[in-house]
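Inspection log for the structure reproduced underneath, given as structure tokens.
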Amino acid sequence: MKRLLASLLVLISSITLSYAGGPTFYYKYTIEPTPDGAGLVYVSNQDEAEENIKWKSGWYQTITFSQQSSVTVEATTVTAYLYAKPNEGYFFSHWTKINENGSETVFSHAKNTTDLVTTTATTSSTAKNTYYKAYFVERGALYPVSSDESLGTVEIDNPSNKVGDKVTLYAYPDNLNGKFMGWRRGNSSRLITSNPYTLTVTNNNQGAYTAVFEARGIEEKGVYVYLENVYSKKLLGVTGTSEDSITEEQRNFTNTMMLVDKSHKKSHSLPALVLRLKGVSTGTGGLRAVDMTGQGISTYDISNLKFKVEKFNTIDYFIYGSAKGFTGYLKDNADYTTKGDMELIGSIRYPNLYNRPNNDTRYRWEFRLIDEDHLDENYFGAMPSAGTLKDGKYYTTMYTAFPYQCLDNVKAYTVDAILDDGNIHIVEVPDGIVPAYTAVLLECTSTEPSSNRLLPLTSDPAALTGTNLLKGEIWLYDGEQEDESAFRTKFDPATMRVLSDEKGIFAAVNNKDDAHGNVVLEYIANNTCYLDITGHDLPEELDFTPYSGYLLGDVNDDGLVDVVDVMTIVNYILKLPVSYFNFTNGDTNTDGIIDVSDLMEVVYISLHS
């Protein structure tokens, strides 16, 4: 699996450049606190512990920093770490960056922040000089405070306010690390959830208003994101791909990192684009020790390396990693003309690594959170074919490496039995919570993902008990397998049925790839499922009837709990033949086994129903 996510970290670990005799690049930072006496500042080329910060009170110029690099690298980049501390009676407002023409651009509202600076200067006398100003504001009658600068920052539109003035407070949660919970006035326990929050200053409401931020738990739980390139608006994902030089019948899995246009109709229904991000907050809006998991494999699994995420502005980030003295920044290789080709979604392209981010938007990425607070915009959902319409519902199969909860009245089913009449029996997944690596049939109200949302979960629900004849498909190629069947499942009509795209049945014919001339696919499509009918002599078409709910103890699914169910569970426990057994209804104590305790409960239910 070493080629998975290769563009991000494997390339870094495999680059071998010569460093002997390479140039040394020079940087210089100039920072100013303003107004005089309002606060202290400090700048460094490394992340400083608070006790090591050497605060400065006036305009000053730092020492010149240098960085060794390869002879083949035309320029190199260093991170500037900026620190600000207000004096008594003031609060920090924002940083600005001074442009070459003398104008200023608001850079950050965080007291501790970072900037990436690239230079070609190879002498200290011509060092790249970057100018910053830290603005402090004298407190008015009312002023904002952040509960934790590493989780979020604050702003006020009228800092020098007095009684009678109208003011608006703004809270800016860190996109990756923090979540805004509300404003707390003074020592009150009550939270005001409005953001922004507008009020008129009175004699009774003066003082500090603290924006309370909560950590998302990204280090332990992680967050789910769509990773979008700022330049191309393409989403980065991990999935099986094939090259356009190979015929439809001979497709080969050659690269597993791709960029897909977010406007593509399937972009919100591809599990490969849902990425789980874990990392440690830098305290300045970024992450270190970052690991990103795609469909069943993580960047650390592949390369034994972790990368960094550095904030460029409020919503944009640089993504980079270092190995063997080389620092590579992830970039959408938009000027690379050779494009790949992926089953079901057509033309794609691949990212690459470069050493100079500058302000080029191709190096900048936006992490779009997929959670309950961003469902209207950043949703993942099911996209059934219109041909699967059955009794007013649409159907599709889904197999993901992450757990999720069904929303929008979507129902998930497993297949627990093939009935005597040749059809299949489906059982609804409790509460619509589907564990990772669980093959399911989804019942939807629409063919649009926005109406069939599936919320990825950072918790790990227990695996479902009982039989499931559905098998899931995720392509994971390790770069060494010569036979495609080693990492993809070839369709076999003798042992498999797949959900037809043309009608709501499981059929003995694989589905078609409309993106490539309606060609019948040789392999089971990625992230979908097939029905394993090994050992059964069955017709080519298998129908199913949606299961309307659970009736505890009704092991034969006739809608009643009676003596027939008691006899059926007795036979099941004694391992005697039973024509059909609903494990979920029979496992009355949900311990994953059917035993005497379940029998006693079914007897009790039958006597009191």
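For the structure tokens, the naming scheme is as follows: chains receive sequential letters (A, B, ...) according to their order of presentation, residues are indexed from 1 within each chain, and ligands are indexed from 1 in presentation order.
Every protein, DNA or RNA residue with an atom at most 9 Å from A:Glu149, where only C-alpha atoms count and chain neighbours fewer than 4 positions away do not, is listed here: Ala110, Lys111, Asn112, Thr153, Val154, Asp174, Phe213, Gly283, Thr284 and Gly285 of chain A.
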Report task. Give the strand (DSSP E) residues of stretch 111-192 of chain A, as DSSP finds them on the backbone, and put them as a PyMOL selection string. Result -> chain A and resi 113-119+128-138+142-146+152-156+166-173+178-185
Query raised in the report: Contacts of A:Asn52 at 12 Å or less, counting only C-alpha atoms, minus same-chain residues fewer than 4 places along, as a ChimeraX atom specification?
Result: /A:42-44,46-48,83
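The two atoms in question, atom CA of A:Asp557 and atom CA of A:Gly586, are spaced 10.3 Å apart.
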Would you kindly return, as a short mmCIF file (atom, residue, chain, number, x, y, z; two decimals) with all heavy atoms, in the first residue's frame, each protein, DNA or RNA residue with an atom no farther than 10 Å from any atom of stretch 54-56 of chain A, considering only C-alpha atoms and excluding same-chain residues fewer than 3 positions away?
data_model
loop_
_atom_site.label_atom_id
_atom_site.label_comp_id
_atom_site.auth_asym_id
_atom_site.auth_seq_id
_atom_site.Cartn_x
_atom_site.Cartn_y
_atom_site.Cartn_z
N ILE A 31 9.23 43.73 13.23
CA ILE A 31 7.89 43.80 13.80
C ILE A 31 7.77 45.03 14.68
O ILE A 31 8.76 45.56 15.20
CB ILE A 31 7.54 42.54 14.62
CG1 ILE A 31 8.51 42.35 15.77
CG2 ILE A 31 7.51 41.31 13.74
CD1 ILE A 31 8.12 41.19 16.67
N GLU A 32 6.54 45.50 14.82
CA GLU A 32 6.29 46.73 15.58
C GLU A 32 5.00 46.59 16.39
O GLU A 32 3.95 46.24 15.82
CB GLU A 32 6.15 47.92 14.64
CG GLU A 32 5.78 49.21 15.37
CD GLU A 32 5.40 50.33 14.41
OE1 GLU A 32 5.24 50.06 13.21
OE2 GLU A 32 5.25 51.47 14.88
N PRO A 33 5.03 46.84 17.70
CA PRO A 33 3.79 46.94 18.47
C PRO A 33 3.25 48.36 18.36
O PRO A 33 4.01 49.33 18.42
CB PRO A 33 4.24 46.62 19.90
CG PRO A 33 5.67 47.07 19.95
CD PRO A 33 6.22 46.93 18.55
N GLY A 39 1.65 47.20 24.25
CA GLY A 39 1.87 45.77 24.34
C GLY A 39 3.28 45.38 23.94
O GLY A 39 4.09 46.22 23.54
N LEU A 40 3.58 44.09 24.06
CA LEU A 40 4.89 43.55 23.77
C LEU A 40 4.79 42.55 22.62
O LEU A 40 3.76 41.92 22.42
CB LEU A 40 5.45 42.85 25.00
CG LEU A 40 5.51 43.66 26.28
CD1 LEU A 40 5.98 42.80 27.45
CD2 LEU A 40 6.43 44.87 26.11
N VAL A 41 5.90 42.40 21.88
CA VAL A 41 5.90 41.50 20.74
C VAL A 41 7.21 40.70 20.70
O VAL A 41 8.20 41.06 21.35
CB VAL A 41 5.75 42.28 19.41
CG1 VAL A 41 4.37 42.89 19.29
CG2 VAL A 41 6.83 43.35 19.28
N TYR A 42 7.19 39.63 19.93
CA TYR A 42 8.38 38.83 19.71
C TYR A 42 8.19 38.03 18.44
O TYR A 42 7.07 37.68 18.06
CB TYR A 42 8.64 37.89 20.90
CG TYR A 42 9.93 37.11 20.78
CD1 TYR A 42 11.16 37.78 20.83
CD2 TYR A 42 9.94 35.74 20.60
CE1 TYR A 42 12.34 37.07 20.72
CE2 TYR A 42 11.12 35.03 20.50
CZ TYR A 42 12.33 35.70 20.55
OH TYR A 42 13.50 35.01 20.43
N VAL A 43 9.30 37.73 17.75
CA VAL A 43 9.25 36.93 16.53
C VAL A 43 10.41 35.95 16.55
O VAL A 43 11.48 36.24 17.09
CB VAL A 43 9.30 37.82 15.27
CG1 VAL A 43 10.60 38.59 15.19
CG2 VAL A 43 9.09 36.99 14.00
N SER A 44 10.19 34.78 15.99
CA SER A 44 11.22 33.76 15.96
C SER A 44 11.04 32.91 14.70
O SER A 44 9.99 32.97 14.05
CB SER A 44 11.12 32.87 17.20
OG SER A 44 12.07 31.84 17.16
N GLU A 48 8.27 28.79 19.92
CA GLU A 48 8.88 29.03 21.22
C GLU A 48 7.91 28.67 22.36
O GLU A 48 6.72 28.97 22.29
CB GLU A 48 9.26 30.50 21.37
CG GLU A 48 10.24 31.00 20.31
CD GLU A 48 11.68 30.64 20.61
OE1 GLU A 48 11.91 29.92 21.60
OE2 GLU A 48 12.57 31.07 19.86
N GLU A 50 6.34 29.40 25.97
CA GLU A 50 6.02 30.71 26.54
C GLU A 50 7.13 31.24 27.45
O GLU A 50 7.45 32.43 27.43
CB GLU A 50 4.70 30.63 27.30
CG GLU A 50 4.21 31.98 27.81
CD GLU A 50 2.82 31.89 28.41
OE1 GLU A 50 2.21 30.81 28.36
OE2 GLU A 50 2.35 32.91 28.94
N GLU A 51 7.74 30.34 28.22
CA GLU A 51 8.78 30.80 29.15
C GLU A 51 10.05 31.22 28.43
O GLU A 51 10.91 31.88 29.02
CB GLU A 51 9.09 29.69 30.16
CG GLU A 51 9.60 28.40 29.56
CD GLU A 51 8.48 27.42 29.23
OE1 GLU A 51 7.30 27.88 29.14
OE2 GLU A 51 8.76 26.22 29.08
N TRP A 59 9.75 49.13 18.25
CA TRP A 59 10.12 48.74 16.90
C TRP A 59 11.53 48.16 16.94
O TRP A 59 12.45 48.76 17.49
CB TRP A 59 10.08 49.96 16.00
CG TRP A 59 10.52 49.70 14.59
CD1 TRP A 59 11.78 49.50 14.14
CD2 TRP A 59 9.68 49.61 13.46
NE1 TRP A 59 11.80 49.28 12.79
CE2 TRP A 59 10.50 49.36 12.34
CE3 TRP A 59 8.30 49.73 13.25
CZ2 TRP A 59 10.00 49.21 11.06
CZ3 TRP A 59 7.82 49.60 11.97
CH2 TRP A 59 8.66 49.34 10.89
N TYR A 60 11.71 46.99 16.39
CA TYR A 60 13.05 46.45 16.37
C TYR A 60 13.18 45.47 15.21
O TYR A 60 12.19 45.03 14.62
CB TYR A 60 13.38 45.75 17.69
CG TYR A 60 12.81 44.36 17.82
CD1 TYR A 60 13.62 43.25 17.61
CD2 TYR A 60 11.47 44.16 18.14
CE1 TYR A 60 13.11 41.97 17.72
CE2 TYR A 60 10.96 42.89 18.25
CZ TYR A 60 11.77 41.79 18.04
OH TYR A 60 11.25 40.54 18.15
N TYR A 83 4.46 36.56 18.08
CA TYR A 83 3.84 36.53 19.41
C TYR A 83 3.53 37.95 19.87
O TYR A 83 4.33 38.86 19.65
CB TYR A 83 4.77 35.87 20.43
CG TYR A 83 5.21 34.47 20.04
CD1 TYR A 83 6.39 34.26 19.34
CD2 TYR A 83 4.43 33.37 20.37
CE1 TYR A 83 6.80 32.98 18.99
CE2 TYR A 83 4.81 32.09 20.03
CZ TYR A 83 6.00 31.90 19.34
OH TYR A 83 6.39 30.63 18.99
N ALA A 84 2.38 38.14 20.50
CA ALA A 84 1.98 39.46 21.00
C ALA A 84 1.37 39.31 22.39
O ALA A 84 0.69 38.33 22.68
CB ALA A 84 0.98 40.11 20.06
N LYS A 85 1.62 40.31 23.27
CA LYS A 85 1.08 40.30 24.63
C LYS A 85 0.67 41.72 25.00
O LYS A 85 1.51 42.62 25.08
CB LYS A 85 2.11 39.77 25.62
CG LYS A 85 1.58 39.69 27.05
CD LYS A 85 2.54 38.94 27.97
CE LYS A 85 3.80 39.75 28.23
NZ LYS A 85 4.66 39.12 29.27
#
**Report entry** Who sits within 12 Å of A:Val106, only C-alpha atoms, same chain under 6 positions skipped, as a ChimeraX atom specification
**Finding:** /A:93-99,132-135,313-314
Output file for the selection above: all heavy atoms, as a short mmCIF file (atom, residue, chain, number, x, y, z; two decimals), in the first residue's frame:
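out-v4.cif written:
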data_model
loop_
_atom_site.label_atom_id
_atom_site.label_comp_id
_atom_site.auth_asym_id
_atom_site.auth_seq_id
_atom_site.Cartn_x
_atom_site.Cartn_y
_atom_site.Cartn_z
N SER A 93 -5.63 43.30 19.12
CA SER A 93 -6.63 43.40 18.07
C SER A 93 -6.30 42.52 16.87
O SER A 93 -7.02 41.60 16.53
CB SER A 93 -6.77 44.85 17.61
OG SER A 93 -7.67 44.94 16.51
N HIS A 94 -5.14 42.78 16.22
CA HIS A 94 -4.82 42.00 15.02
C HIS A 94 -3.38 42.27 14.58
O HIS A 94 -2.76 43.25 14.99
CB HIS A 94 -5.77 42.34 13.88
CG HIS A 94 -5.71 43.80 13.46
ND1 HIS A 94 -6.41 44.78 14.12
CD2 HIS A 94 -5.03 44.43 12.47
CE1 HIS A 94 -6.18 45.96 13.56
NE2 HIS A 94 -5.34 45.77 12.55
N TRP A 95 -2.88 41.39 13.73
CA TRP A 95 -1.61 41.59 13.05
C TRP A 95 -1.88 42.10 11.64
O TRP A 95 -2.86 41.70 11.00
CB TRP A 95 -0.84 40.27 12.92
CG TRP A 95 -0.22 39.75 14.17
CD1 TRP A 95 -0.74 38.81 15.00
CD2 TRP A 95 1.05 40.12 14.71
NE1 TRP A 95 0.13 38.56 16.04
CE2 TRP A 95 1.24 39.35 15.88
CE3 TRP A 95 2.05 41.03 14.33
CZ2 TRP A 95 2.37 39.45 16.67
CZ3 TRP A 95 3.19 41.12 15.12
CH2 TRP A 95 3.34 40.35 16.27
N THR A 96 -1.00 42.97 11.17
CA THR A 96 -1.02 43.33 9.75
C THR A 96 0.33 43.00 9.13
O THR A 96 1.35 42.93 9.83
CB THR A 96 -1.31 44.82 9.52
OG1 THR A 96 -0.24 45.61 10.05
CG2 THR A 96 -2.63 45.22 10.13
N LYS A 97 0.32 42.81 7.83
CA LYS A 97 1.55 42.59 7.08
C LYS A 97 1.74 43.80 6.18
O LYS A 97 0.81 44.22 5.48
CB LYS A 97 1.42 41.31 6.24
CG LYS A 97 2.73 40.79 5.70
CD LYS A 97 2.50 39.39 5.10
CE LYS A 97 3.80 38.80 4.62
NZ LYS A 97 3.59 37.41 4.10
N ILE A 98 2.92 44.38 6.22
CA ILE A 98 3.19 45.60 5.46
C ILE A 98 3.72 45.21 4.08
O ILE A 98 4.71 44.50 3.95
CB ILE A 98 4.19 46.50 6.19
CG1 ILE A 98 3.66 46.83 7.60
CG2 ILE A 98 4.45 47.77 5.40
CD1 ILE A 98 4.61 47.64 8.44
N ASN A 99 3.01 45.66 3.06
CA ASN A 99 3.38 45.33 1.68
C ASN A 99 4.54 46.19 1.19
O ASN A 99 4.93 47.17 1.84
CB ASN A 99 2.16 45.51 0.77
CG ASN A 99 0.97 44.70 1.25
OD1 ASN A 99 1.12 43.53 1.59
ND2 ASN A 99 -0.19 45.34 1.30
N TYR A 132 5.84 43.27 9.96
CA TYR A 132 4.54 43.01 10.59
C TYR A 132 4.29 44.08 11.66
O TYR A 132 5.21 44.60 12.27
CB TYR A 132 4.52 41.64 11.28
CG TYR A 132 4.89 40.48 10.39
CD1 TYR A 132 6.20 40.00 10.36
CD2 TYR A 132 3.94 39.86 9.58
CE1 TYR A 132 6.55 38.93 9.56
CE2 TYR A 132 4.29 38.79 8.78
CZ TYR A 132 5.60 38.33 8.77
OH TYR A 132 5.94 37.27 7.97
N LYS A 133 2.99 44.36 11.89
CA LYS A 133 2.58 45.22 12.99
C LYS A 133 1.57 44.49 13.85
O LYS A 133 0.65 43.84 13.35
CB LYS A 133 1.93 46.51 12.47
CG LYS A 133 2.90 47.60 12.06
CD LYS A 133 2.14 48.89 11.74
CE LYS A 133 3.08 50.01 11.34
NZ LYS A 133 2.33 51.27 11.07
N ALA A 134 1.76 44.59 15.18
CA ALA A 134 0.80 44.06 16.14
C ALA A 134 -0.01 45.23 16.69
O ALA A 134 0.56 46.15 17.29
CB ALA A 134 1.52 43.34 17.26
N TYR A 135 -1.30 45.21 16.48
CA TYR A 135 -2.16 46.31 16.94
C TYR A 135 -2.83 45.95 18.27
O TYR A 135 -3.43 44.89 18.42
CB TYR A 135 -3.25 46.60 15.89
CG TYR A 135 -2.75 47.46 14.76
CD1 TYR A 135 -2.08 46.90 13.67
CD2 TYR A 135 -2.92 48.84 14.78
CE1 TYR A 135 -1.61 47.69 12.64
CE2 TYR A 135 -2.46 49.64 13.75
CZ TYR A 135 -1.80 49.06 12.69
OH TYR A 135 -1.34 49.86 11.66
N ASN A 313 -4.39 31.89 6.12
CA ASN A 313 -5.29 32.95 6.59
C ASN A 313 -6.42 32.27 7.35
O ASN A 313 -6.26 31.16 7.84
CB ASN A 313 -5.79 33.83 5.43
CG ASN A 313 -6.48 33.02 4.35
OD1 ASN A 313 -7.02 31.95 4.61
ND2 ASN A 313 -6.46 33.51 3.12
N THR A 314 -7.57 32.93 7.46
CA THR A 314 -8.64 32.40 8.29
C THR A 314 -9.08 31.00 7.89
O THR A 314 -9.38 30.16 8.74
CB THR A 314 -9.86 33.35 8.24
OG1 THR A 314 -9.45 34.66 8.63
CG2 THR A 314 -10.96 32.88 9.18
#
